Protein chains: 2
Amino acid sequence: MPGTTQHSDLYPSRGQQTARLTERLDPVVYAAPNSPGPLSPAQVQAYESNGFLIIEDVFTGESLQTLQDELERLRLHGAQTYPQQTITELESGDMRSMFQVHQHSPVFRQLAANPKLADIARYLLDDQVYIHQSRVNYKPGFRGQEFYWHSDFETWHVEDGLPRMRTLSMSIPLTRNSENNGPLMLIPGSHRQYVVCEGETPDNNYARSLQKQEVGVPGDAQLSQLAEQSCITAACCNPGSVIIFDCNVMHGSNGNITPDPRSNVFFVYNAMSNQPVAPFCNQPPRPEHLGSRLHIEPV
Amino acid sequence: MPGTTQHSDLYPSRGQQTARLTERLDPVVYAAPNSPGPLSPAQVQAYESNGFLIIEDVFTGESLQTLQDELERLRLHGAQTYPQQTITELESGDMRSMFQVHQHSPVFRQLAANPKLADIARYLLDDQVYIHQSRVNYKPGFRGQEFYWHSDFETWHVEDGLPRMRTLSMSIPLTRNSENNGPLMLIPGSHRQYVVCEGETPDNNYARSLQKQEVGVPGDAQLSQLAEQSCITAACCNPGSVIIFDCNVMHGSNGNITPDPRSNVFFVYNAMSNQPVAPFCNQPPRPEHLGSRLHIEPV
């Protein structure tokens, strides 16, 4: 069983640590250079250099409609069936996120295993992959709240015990992600540095952090440093596109006061060789629906 | 003295009113058709049709630097000198807005009277003009909060007693207003309809509404209707540009989690013939720094 013995911490954060930038110790692209795969050499290079890659219009027409219908079905009926997996907006109570959709929704289970996505994950991580976390984010119109800047890896390492950076996310927008409705913003190149954060991890931090993350977020100085090295990029794209991003790229999104929801489905692919160990904080692991420890099977 | 007798209410809102869209009863451009003035016929037409107009790079070089220096001076020292005119962010306590800058700052007093601005106001309103309100908005980086959708006129009518729509605003960005740092968003054409809002005006509403407006905001249905008729436009432009917008155009801005503040200086020009009467709610007028009643002199 994972997570029972203590492992050395290559990416310490929080606790006694002082806020700073440190170097990434792991590759971004694990595939051997120039090995054939599902991405063009230019795409691989862009991913390695920026820490993310947008592939436009991967799902269109009927296949896109199926995903959108499923998103709406979960929004309307998911909260009753899976209350523990459902996060509401702090102020309005609207649905913000629902987790573990690759297990609870046959449509999204199929999507997670779709070779259009999974082949890319296997290629970039050069390993079999499983789903560490999945979710739909709704970011409703009018009152959708921000997701503050963060590196996913910082939380997955500290709170879930993922030892190395051999993990990536794929976000598939299911509504239009325009410049105005709080699109995903990323800092190109930020994945090459690890932002050590300050603060203790509170008990059951996840219960609050999924509404509003306050621990494991970069200090102003570190964020400014990353943003100055680069130019914040908004991932504006059509529904059915795929945004692939490294586990350590700094990202976030502004709130959404437009009437248009900014919704997506989101899978975290982790390398089978990078299974979770004990969390790197004095807390028990987060629940299964936030970081899988029980269902580690290749997609 | 203005505001002492009861006037008929052409734009009722709040109180017993039901949320709905009604027609605007006033012109947008008061200048006689094709009369010569500081704007080109195409600019006048764009303003009339959209309810706003952006003129790029009106202030550059040294004149822009002077305005930016003054902005910074007020940010650093203004709160001590003018605590009542200063609004801080609800959560972070950072400076959000400072009012009445056209009286407290010689630099901004000059700017308000600058013919580059005031001539346009006099032309569009076909009258002498005075400053109903002025302010700087800082919208600091990292934790800048949204300004929810609103028509300025709704508040200026209900709470300040401006009888007619013969008023316009000019916002001069003093930092880069990019798509990512919470730029002003406007709904083109929305100025032709008046959004009647629901809710009572609470005592001293302004004390809270300037941090987060909750009364005098459009209902979801009315906002959706306006947005469907048009396409939300973000006023991204360089510092030193001028955004001119009608008092009744629906506008707002998302929060700002980027490190870059989104700051501007802002003047409300009201026609001398449109001086305030008694507020159209059961409340005394707001304080002088929010809606002038004592210093009504042409700029």
# chains A, B, ... in the order shown; residues from 1 in each chain; ligands from 1

$ residues_around --residues "segment 276-284 of chain B" --least-positions-apart "4" --cutoff "12 Å" --atoms "only C-alpha atoms" --output "JSON, numbers by chain"
{"B": [1, 2, 3, 4, 5, 6, 7, 8, 9, 10, 11, 12, 13, 14, 15, 16, 17, 130, 131, 132, 153, 154, 155, 156, 157, 158, 159, 160, 161, 162, 163, 164, 165, 166, 167, 199, 200, 201, 202, 203, 204, 205, 206, 216, 270, 271, 272, 288, 291, 292, 293, 294, 295, 296]}

$ calpha_fit_and_write --fixed "chain B" --moving "chain A" --output "tab-separated table (two decimals) with C-alpha atoms, in the first residue's frame"
chain	number	residue	atom	x	y	z
A	1	MET	CA	-29.81	74.87	-3.38
A	2	PRO	CA	-30.33	71.65	-5.32
A	3	GLY	CA	-32.14	68.70	-3.97
A	4	THR	CA	-34.76	70.29	-1.78
A	5	THR	CA	-37.95	69.82	-3.79
A	6	GLN	CA	-39.46	66.60	-5.11
A	7	HIS	CA	-39.16	66.02	-8.86
A	8	SER	CA	-40.92	63.50	-11.05
A	9	ASP	CA	-38.95	60.29	-11.40
A	10	LEU	CA	-38.36	59.38	-15.04
A	11	TYR	CA	-36.16	56.41	-14.16
A	12	PRO	CA	-37.63	54.69	-11.10
A	13	SER	CA	-35.57	51.81	-9.69
A	14	ARG	CA	-35.37	49.80	-6.44
A	15	GLY	CA	-38.10	50.11	-3.79
A	16	GLN	CA	-41.34	48.68	-5.16
A	17	GLN	CA	-40.00	48.29	-8.69
A	18	THR	CA	-39.74	44.95	-10.47
A	19	ALA	CA	-36.52	44.12	-12.32
A	20	ARG	CA	-36.91	44.85	-16.04
A	21	LEU	CA	-35.48	46.70	-19.01
A	22	THR	CA	-37.09	49.99	-19.99
A	23	GLU	CA	-36.32	52.44	-22.76
A	24	ARG	CA	-33.92	55.33	-22.37
A	25	LEU	CA	-35.80	58.63	-22.61
A	26	ASP	CA	-32.80	60.89	-23.26
A	27	PRO	CA	-30.40	61.46	-26.15
A	28	VAL	CA	-26.91	59.94	-26.05
A	29	VAL	CA	-25.27	62.67	-28.15
A	30	TYR	CA	-26.71	66.10	-27.44
A	31	ALA	CA	-24.66	67.94	-30.08
A	32	ALA	CA	-26.66	68.89	-33.15
A	33	PRO	CA	-26.11	66.37	-35.98
A	34	ASN	CA	-22.97	67.12	-37.99
A	35	SER	CA	-22.01	70.10	-35.86
A	36	PRO	CA	-18.24	70.58	-35.84
A	37	GLY	CA	-16.42	69.52	-32.70
A	38	PRO	CA	-13.45	67.71	-31.23
A	39	LEU	CA	-14.53	64.25	-32.46
A	40	SER	CA	-14.74	62.93	-36.02
A	41	PRO	CA	-18.20	61.96	-37.34
A	42	ALA	CA	-17.13	58.30	-37.10
A	43	GLN	CA	-16.15	58.73	-33.47
A	44	VAL	CA	-19.44	60.43	-32.65
A	45	GLN	CA	-21.34	57.66	-34.37
A	46	ALA	CA	-19.38	54.94	-32.56
A	47	TYR	CA	-20.05	56.64	-29.22
A	48	GLU	CA	-23.75	57.01	-29.97
A	49	SER	CA	-24.09	53.42	-31.16
A	50	ASN	CA	-21.90	51.62	-28.58
A	51	GLY	CA	-22.23	53.96	-25.62
A	52	PHE	CA	-18.45	54.30	-25.37
A	53	LEU	CA	-15.40	55.35	-27.33
A	54	ILE	CA	-11.70	54.66	-26.78
A	55	ILE	CA	-9.18	57.25	-27.95
A	56	GLU	CA	-5.70	55.74	-27.86
A	57	ASP	CA	-2.60	57.42	-26.50
A	58	VAL	CA	-4.01	60.87	-25.71
A	59	PHE	CA	-1.35	61.40	-23.04
A	60	THR	CA	2.16	60.13	-23.66
A	61	GLY	CA	5.73	60.81	-22.54
A	62	GLU	CA	6.18	63.45	-19.89
A	63	SER	CA	2.50	64.35	-19.54
A	64	LEU	CA	1.66	60.70	-18.89
A	65	GLN	CA	4.54	60.35	-16.43
A	66	THR	CA	3.22	63.33	-14.45
A	67	LEU	CA	-0.15	61.61	-14.09
A	68	GLN	CA	1.45	58.32	-13.08
A	69	ASP	CA	3.63	60.04	-10.48
A	70	GLU	CA	0.58	61.75	-9.04
A	71	LEU	CA	-1.29	58.44	-8.86
A	72	GLU	CA	1.58	56.93	-6.90
A	73	ARG	CA	1.85	59.97	-4.64
A	74	LEU	CA	-1.83	59.68	-3.70
A	75	ARG	CA	-1.53	55.93	-3.17
A	76	LEU	CA	1.34	56.39	-0.75
A	77	HIS	CA	0.20	59.52	1.09
A	78	GLY	CA	-3.46	60.09	0.23
A	79	ALA	CA	-5.07	57.83	2.81
A	80	GLN	CA	-3.65	59.76	5.77
A	81	THR	CA	-4.65	63.15	4.38
A	82	TYR	CA	-8.07	62.16	3.02
A	83	PRO	CA	-9.25	59.13	4.97
A	84	GLN	CA	-12.93	59.78	4.23
A	85	GLN	CA	-12.30	59.83	0.50
A	86	THR	CA	-10.33	56.58	0.56
A	87	ILE	CA	-11.83	53.13	-0.05
A	88	THR	CA	-9.80	50.02	0.73
A	89	GLU	CA	-10.21	46.50	-0.62
A	90	LEU	CA	-12.68	44.43	1.39
A	91	GLU	CA	-10.28	41.58	2.14
A	92	SER	CA	-6.72	42.82	1.73
A	93	GLY	CA	-7.05	46.41	2.94
A	94	ASP	CA	-5.06	47.64	-0.10
A	95	MET	CA	-6.16	50.99	-1.53
A	96	ARG	CA	-9.03	50.45	-3.96
A	97	SER	CA	-10.25	53.97	-4.78
A	98	MET	CA	-9.76	57.55	-3.74
A	99	PHE	CA	-12.44	60.13	-4.45
A	100	GLN	CA	-12.59	63.87	-5.11
A	101	VAL	CA	-9.14	63.91	-6.67
A	102	HIS	CA	-10.09	66.84	-8.93
A	103	GLN	CA	-10.27	68.95	-5.78
A	104	HIS	CA	-7.44	67.52	-3.72
A	105	SER	CA	-4.84	67.09	-6.44
A	106	PRO	CA	-3.73	70.07	-8.54
A	107	VAL	CA	-2.48	67.67	-11.21
A	108	PHE	CA	-5.85	65.95	-11.54
A	109	ARG	CA	-7.74	69.25	-11.26
A	110	GLN	CA	-5.83	70.46	-14.31
A	111	LEU	CA	-6.46	67.15	-16.06
A	112	ALA	CA	-10.23	67.37	-15.51
A	113	ALA	CA	-10.26	70.82	-17.11
A	114	ASN	CA	-7.86	69.87	-19.92
A	115	PRO	CA	-9.61	70.77	-23.23
A	116	LYS	CA	-8.58	67.35	-24.60
A	117	LEU	CA	-11.18	65.93	-22.23
A	118	ALA	CA	-13.54	68.75	-21.30
A	119	ASP	CA	-14.13	69.89	-24.89
A	120	ILE	CA	-15.38	66.40	-25.75
A	121	ALA	CA	-17.68	66.37	-22.71
A	122	ARG	CA	-19.08	69.81	-23.59
A	123	TYR	CA	-19.60	68.71	-27.18
A	124	LEU	CA	-21.35	65.40	-26.49
A	125	LEU	CA	-23.56	66.90	-23.75
A	126	ASP	CA	-23.98	70.23	-25.63
A	127	ASP	CA	-23.66	72.20	-22.43
A	128	GLN	CA	-21.19	73.55	-19.94
A	129	VAL	CA	-20.03	70.72	-17.68
A	130	TYR	CA	-18.94	70.29	-14.07
A	131	ILE	CA	-17.42	67.35	-12.21
A	132	HIS	CA	-20.07	65.29	-10.44
A	133	GLN	CA	-17.48	62.81	-9.13
A	134	SER	CA	-13.82	62.06	-9.62
A	135	ARG	CA	-11.62	59.28	-8.41
A	136	VAL	CA	-8.60	57.13	-8.92
A	137	ASN	CA	-9.15	53.37	-9.00
A	138	TYR	CA	-6.10	51.32	-8.13
A	139	LYS	CA	-7.29	47.72	-8.53
A	140	PRO	CA	-4.08	46.40	-7.02
A	141	GLY	CA	-2.35	43.30	-8.30
A	142	PHE	CA	-2.70	39.83	-6.73
A	143	ARG	CA	-5.90	40.56	-4.82
A	144	GLY	CA	-7.78	43.25	-6.78
A	145	GLN	CA	-11.49	42.65	-6.43
A	146	GLU	CA	-14.08	42.84	-9.19
A	147	PHE	CA	-16.45	45.73	-9.85
A	148	TYR	CA	-19.74	44.01	-10.54
A	149	TRP	CA	-21.88	45.07	-13.51
A	150	HIS	CA	-23.76	48.32	-13.11
A	151	SER	CA	-25.07	51.38	-14.86
A	152	ASP	CA	-23.54	54.39	-13.14
A	153	PHE	CA	-26.66	56.38	-13.87
A	154	GLU	CA	-28.84	54.09	-11.81
A	155	THR	CA	-26.90	55.01	-8.67
A	156	TRP	CA	-26.39	58.65	-9.59
A	157	HIS	CA	-30.11	58.98	-10.24
A	158	VAL	CA	-31.44	57.04	-7.24
A	159	GLU	CA	-28.83	58.00	-4.63
A	160	ASP	CA	-27.55	61.37	-5.91
A	161	GLY	CA	-30.65	62.75	-7.65
A	162	LEU	CA	-29.28	63.35	-11.17
A	163	PRO	CA	-32.58	63.72	-13.03
A	164	ARG	CA	-31.65	62.90	-16.65
A	165	MET	CA	-29.07	60.96	-18.63
A	166	ARG	CA	-26.88	63.91	-19.59
A	167	THR	CA	-23.70	62.76	-17.99
A	168	LEU	CA	-20.61	60.87	-19.14
A	169	SER	CA	-17.43	59.45	-17.69
A	170	MET	CA	-13.88	59.55	-18.83
A	171	SER	CA	-11.43	56.96	-17.57
A	172	ILE	CA	-7.74	57.46	-18.24
A	173	PRO	CA	-5.77	54.24	-17.66
A	174	LEU	CA	-2.45	54.93	-15.97
A	175	THR	CA	-1.16	51.36	-16.08
A	176	ARG	CA	-1.47	48.85	-18.89
A	177	ASN	CA	-5.05	47.58	-19.11
A	178	SER	CA	-4.53	44.14	-20.60
A	179	GLU	CA	-7.00	41.34	-21.10
A	180	ASN	CA	-5.60	39.69	-17.97
A	181	ASN	CA	-5.60	42.32	-15.23
A	182	GLY	CA	-9.31	42.99	-14.96
A	183	PRO	CA	-9.89	45.61	-17.64
A	184	LEU	CA	-13.11	47.62	-17.91
A	185	MET	CA	-15.70	45.50	-19.73
A	186	LEU	CA	-18.64	47.15	-21.45
A	187	ILE	CA	-21.77	45.88	-23.18
A	188	PRO	CA	-22.05	47.84	-26.43
A	189	GLY	CA	-25.53	49.25	-26.98
A	190	SER	CA	-26.66	48.59	-23.41
A	191	HIS	CA	-26.93	52.35	-22.78
A	192	ARG	CA	-30.14	52.49	-24.82
A	193	GLN	CA	-32.05	50.54	-22.20
A	194	TYR	CA	-32.44	51.32	-18.54
A	195	VAL	CA	-32.17	48.40	-16.15
A	196	VAL	CA	-34.65	48.77	-13.33
A	197	CYS	CA	-33.16	47.08	-10.25
A	198	GLU	CA	-34.80	45.44	-7.26
A	199	GLY	CA	-34.11	46.00	-3.58
A	200	GLU	CA	-34.27	48.78	-1.03
A	201	THR	CA	-31.44	51.28	-0.67
A	202	PRO	CA	-30.01	50.62	2.80
A	203	ASP	CA	-28.90	53.41	5.14
A	204	ASN	CA	-25.43	54.66	4.19
A	205	ASN	CA	-25.39	52.21	1.30
A	206	TYR	CA	-22.34	53.94	-0.20
A	207	ALA	CA	-20.13	52.89	2.71
A	208	ARG	CA	-20.42	49.28	1.56
A	209	SER	CA	-21.29	49.61	-2.13
A	210	LEU	CA	-17.95	51.17	-2.98
A	211	GLN	CA	-16.21	48.04	-1.77
A	212	LYS	CA	-18.77	45.70	-3.20
A	213	GLN	CA	-21.95	46.86	-4.91
A	214	GLU	CA	-24.98	44.76	-3.99
A	215	VAL	CA	-27.89	47.14	-4.54
A	216	GLY	CA	-28.49	48.83	-7.89
A	217	VAL	CA	-27.03	45.93	-9.81
A	218	PRO	CA	-28.87	44.28	-12.71
A	219	GLY	CA	-30.69	41.01	-12.23
A	220	ASP	CA	-29.19	37.96	-13.96
A	221	ALA	CA	-32.04	37.87	-16.48
A	222	GLN	CA	-31.63	41.54	-17.48
A	223	LEU	CA	-27.87	41.23	-17.72
A	224	SER	CA	-28.14	38.12	-19.89
A	225	GLN	CA	-30.61	39.92	-22.14
A	226	LEU	CA	-28.24	42.85	-22.64
A	227	ALA	CA	-25.24	40.57	-23.22
A	228	GLU	CA	-27.14	38.49	-25.78
A	229	GLN	CA	-27.95	41.56	-27.84
A	230	SER	CA	-24.30	42.35	-28.18
A	231	CYS	CA	-20.78	41.14	-27.39
A	232	ILE	CA	-19.02	42.09	-24.17
A	233	THR	CA	-15.99	44.23	-25.01
A	234	ALA	CA	-12.91	44.66	-22.85
A	235	ALA	CA	-11.40	48.14	-23.08
A	236	CYS	CA	-7.77	47.02	-23.35
A	237	CYS	CA	-5.56	49.99	-24.09
A	238	ASN	CA	-2.31	51.70	-23.27
A	239	PRO	CA	-1.82	53.98	-20.31
A	240	GLY	CA	-2.67	57.53	-21.35
A	241	SER	CA	-5.57	56.49	-23.56
A	242	VAL	CA	-9.05	57.86	-22.81
A	243	ILE	CA	-12.16	55.71	-22.46
A	244	ILE	CA	-15.29	57.86	-22.76
A	245	PHE	CA	-18.50	56.17	-21.71
A	246	ASP	CA	-22.12	57.10	-21.37
A	247	CYS	CA	-23.60	57.26	-17.87
A	248	ASN	CA	-26.01	54.43	-18.62
A	249	VAL	CA	-23.79	51.90	-20.38
A	250	MET	CA	-23.59	48.58	-18.51
A	251	HIS	CA	-20.04	47.94	-17.38
A	252	GLY	CA	-17.97	46.12	-14.80
A	253	SER	CA	-14.63	44.39	-14.41
A	254	ASN	CA	-13.35	41.06	-13.21
A	255	GLY	CA	-10.93	40.76	-10.34
A	256	ASN	CA	-7.19	40.98	-10.86
A	257	ILE	CA	-4.88	38.21	-9.64
A	258	THR	CA	-1.97	39.22	-11.90
A	259	PRO	CA	0.90	41.12	-10.29
A	260	ASP	CA	0.08	44.19	-12.45
A	261	PRO	CA	-2.23	46.79	-10.90
A	262	ARG	CA	-4.98	48.08	-13.17
A	263	SER	CA	-5.15	51.74	-12.24
A	264	ASN	CA	-6.93	54.70	-13.75
A	265	VAL	CA	-8.15	58.20	-13.02
A	266	PHE	CA	-11.80	58.83	-13.60
A	267	PHE	CA	-13.95	61.95	-14.08
A	268	VAL	CA	-17.71	62.21	-14.30
A	269	TYR	CA	-18.81	65.20	-16.38
A	270	ASN	CA	-22.38	66.28	-15.82
A	271	ALA	CA	-24.24	68.90	-17.87
A	272	MET	CA	-24.81	72.14	-15.94
A	273	SER	CA	-28.48	71.84	-16.92
A	274	ASN	CA	-28.71	68.43	-15.22
A	275	GLN	CA	-27.88	69.41	-11.65
A	276	PRO	CA	-28.92	67.07	-8.86
A	277	VAL	CA	-32.31	67.27	-7.22
A	278	ALA	CA	-33.45	65.31	-4.17
A	279	PRO	CA	-32.39	61.64	-4.41
A	280	PHE	CA	-35.00	59.26	-5.82
A	281	CYS	CA	-34.96	57.05	-2.76
A	282	ASN	CA	-35.79	57.56	0.90
A	283	GLN	CA	-32.27	58.49	1.83
A	284	PRO	CA	-30.31	61.70	2.16
A	285	PRO	CA	-27.88	62.48	-0.67
A	286	ARG	CA	-24.51	60.74	-0.59
A	287	PRO	CA	-21.57	62.76	0.71
A	288	GLU	CA	-20.09	65.54	-1.41
A	289	HIS	CA	-17.04	63.51	-2.43
A	290	LEU	CA	-19.27	60.89	-4.10
A	291	GLY	CA	-21.76	63.21	-5.79
A	292	SER	CA	-21.10	66.92	-5.83
A	293	ARG	CA	-23.87	69.29	-4.76
A	294	LEU	CA	-21.83	72.15	-3.33
A	295	HIS	CA	-19.14	72.74	-5.94
A	296	ILE	CA	-21.09	72.99	-9.15
A	297	GLU	CA	-18.87	75.20	-11.29
A	298	PRO	CA	-18.07	74.70	-14.95
A	299	VAL	CA	-14.63	73.22	-15.51

$ select_by_dssp --residues "segment 37-95 of chain B" --states "helix (DSSP H, G or I)" --output "ChimeraX atom specification"
/B:41-50,61-81,83-85

$ write_last_selection --atoms "N, CA and C atoms" --output "compact mmCIF listing (two decimals), in the first residue's frame"
# COMPACT_ATOMS: atom_id res chain seq x y z
N PRO B 41 -16.84 62.53 -37.21
CA PRO B 41 -18.19 61.97 -37.33
C PRO B 41 -18.20 60.47 -37.02
N ALA B 42 -17.16 59.74 -37.40
CA ALA B 42 -17.12 58.30 -37.12
C ALA B 42 -17.02 58.05 -35.61
N GLN B 43 -16.27 58.90 -34.92
CA GLN B 43 -16.15 58.73 -33.46
C GLN B 43 -17.48 59.03 -32.77
N VAL B 44 -18.14 60.08 -33.24
CA VAL B 44 -19.44 60.42 -32.64
C VAL B 44 -20.42 59.28 -32.87
N GLN B 45 -20.40 58.74 -34.08
CA GLN B 45 -21.34 57.65 -34.38
C GLN B 45 -21.04 56.41 -33.54
N ALA B 46 -19.76 56.10 -33.37
CA ALA B 46 -19.38 54.94 -32.55
C ALA B 46 -19.83 55.15 -31.10
N TYR B 47 -19.64 56.35 -30.60
CA TYR B 47 -20.06 56.64 -29.23
C TYR B 47 -21.57 56.51 -29.09
N GLU B 48 -22.28 57.04 -30.04
CA GLU B 48 -23.75 57.00 -29.97
C GLU B 48 -24.26 55.55 -30.05
N SER B 49 -23.62 54.79 -30.91
CA SER B 49 -24.09 53.43 -31.16
C SER B 49 -23.67 52.46 -30.04
N ASN B 50 -22.43 52.56 -29.59
CA ASN B 50 -21.91 51.62 -28.59
C ASN B 50 -22.11 52.09 -27.16
N GLY B 61 4.48 60.18 -22.97
CA GLY B 61 5.73 60.81 -22.54
C GLY B 61 5.63 61.48 -21.19
N GLU B 62 6.08 62.73 -21.15
CA GLU B 62 6.19 63.45 -19.88
C GLU B 62 4.82 63.71 -19.26
N SER B 63 3.83 64.04 -20.09
CA SER B 63 2.51 64.35 -19.53
C SER B 63 1.89 63.11 -18.89
N LEU B 64 2.14 61.95 -19.49
CA LEU B 64 1.67 60.69 -18.89
C LEU B 64 2.42 60.41 -17.59
N GLN B 65 3.73 60.63 -17.62
CA GLN B 65 4.55 60.35 -16.43
C GLN B 65 4.08 61.20 -15.24
N THR B 66 3.73 62.45 -15.50
CA THR B 66 3.23 63.33 -14.45
C THR B 66 1.98 62.74 -13.79
N LEU B 67 1.08 62.21 -14.62
CA LEU B 67 -0.15 61.62 -14.08
C LEU B 67 0.16 60.36 -13.27
N GLN B 68 1.09 59.56 -13.78
CA GLN B 68 1.45 58.32 -13.07
C GLN B 68 2.13 58.63 -11.74
N ASP B 69 2.98 59.65 -11.73
CA ASP B 69 3.64 60.04 -10.48
C ASP B 69 2.60 60.49 -9.45
N GLU B 70 1.60 61.24 -9.92
CA GLU B 70 0.57 61.75 -9.02
C GLU B 70 -0.28 60.60 -8.47
N LEU B 71 -0.56 59.63 -9.31
CA LEU B 71 -1.29 58.44 -8.87
C LEU B 71 -0.54 57.76 -7.73
N GLU B 72 0.76 57.61 -7.90
CA GLU B 72 1.58 56.93 -6.90
C GLU B 72 1.67 57.77 -5.61
N ARG B 73 1.79 59.07 -5.80
CA ARG B 73 1.86 59.96 -4.63
C ARG B 73 0.59 59.82 -3.78
N LEU B 74 -0.57 59.80 -4.43
CA LEU B 74 -1.83 59.67 -3.69
C LEU B 74 -1.94 58.29 -3.05
N ARG B 75 -1.44 57.28 -3.74
CA ARG B 75 -1.52 55.93 -3.17
C ARG B 75 -0.69 55.85 -1.88
N LEU B 76 0.46 56.49 -1.92
CA LEU B 76 1.35 56.40 -0.75
C LEU B 76 0.92 57.32 0.39
N HIS B 77 0.44 58.51 0.05
CA HIS B 77 0.21 59.51 1.09
C HIS B 77 -1.24 59.96 1.21
N GLY B 78 -2.09 59.56 0.26
CA GLY B 78 -3.44 60.11 0.24
C GLY B 78 -4.31 59.65 1.39
N ALA B 79 -4.14 58.39 1.82
CA ALA B 79 -5.06 57.83 2.82
C ALA B 79 -4.98 58.58 4.14
N GLN B 80 -3.77 59.01 4.52
CA GLN B 80 -3.65 59.76 5.78
C GLN B 80 -4.34 61.11 5.67
N THR B 81 -4.13 61.78 4.52
CA THR B 81 -4.64 63.14 4.36
C THR B 81 -6.14 63.16 4.13
N PRO B 83 -8.73 60.46 4.61
CA PRO B 83 -9.24 59.14 4.96
C PRO B 83 -10.69 58.91 4.52
N GLN B 84 -11.51 59.95 4.59
CA GLN B 84 -12.91 59.77 4.23
C GLN B 84 -13.10 59.51 2.74
N GLN B 85 -12.16 59.99 1.95
CA GLN B 85 -12.28 59.84 0.50
C GLN B 85 -11.64 58.54 0.00

$ select_by_dssp --residues "segment 3-37 of chain A" --states "strand (DSSP E or B)" --output "ChimeraX atom specification"
/A:15,20-23

$ write_last_selection --atoms "N, CA and C atoms" --output "PDB file, in the first residue's frame"
ATOM      1  N   GLY A  15       5.465  24.526   6.357  1.00  0.00           N
ATOM      2  CA  GLY A  15       6.160  24.214   7.607  1.00  0.00           C
ATOM      3  C   GLY A  15       7.228  25.245   7.909  1.00  0.00           C
ATOM      4  N   ARG A  20      10.612  30.909  -1.461  1.00  0.00           N
ATOM      5  CA  ARG A  20      11.696  31.136  -2.425  1.00  0.00           C
ATOM      6  C   ARG A  20      11.452  30.308  -3.670  1.00  0.00           C
ATOM      7  N   LEU A  21      12.212  30.608  -4.705  1.00  0.00           N
ATOM      8  CA  LEU A  21      12.207  29.773  -5.911  1.00  0.00           C
ATOM      9  C   LEU A  21      13.380  28.802  -5.849  1.00  0.00           C
ATOM     10  N   THR A  22      13.126  27.546  -6.174  1.00  0.00           N
ATOM     11  CA  THR A  22      14.222  26.581  -6.285  1.00  0.00           C
ATOM     12  C   THR A  22      14.129  25.918  -7.658  1.00  0.00           C
ATOM     13  N   GLU A  23      15.171  25.178  -7.999  1.00  0.00           N
ATOM     14  CA  GLU A  23      15.196  24.557  -9.324  1.00  0.00           C
ATOM     15  C   GLU A  23      14.380  23.269  -9.362  1.00  0.00           C
TER      16      GLU A  23
END
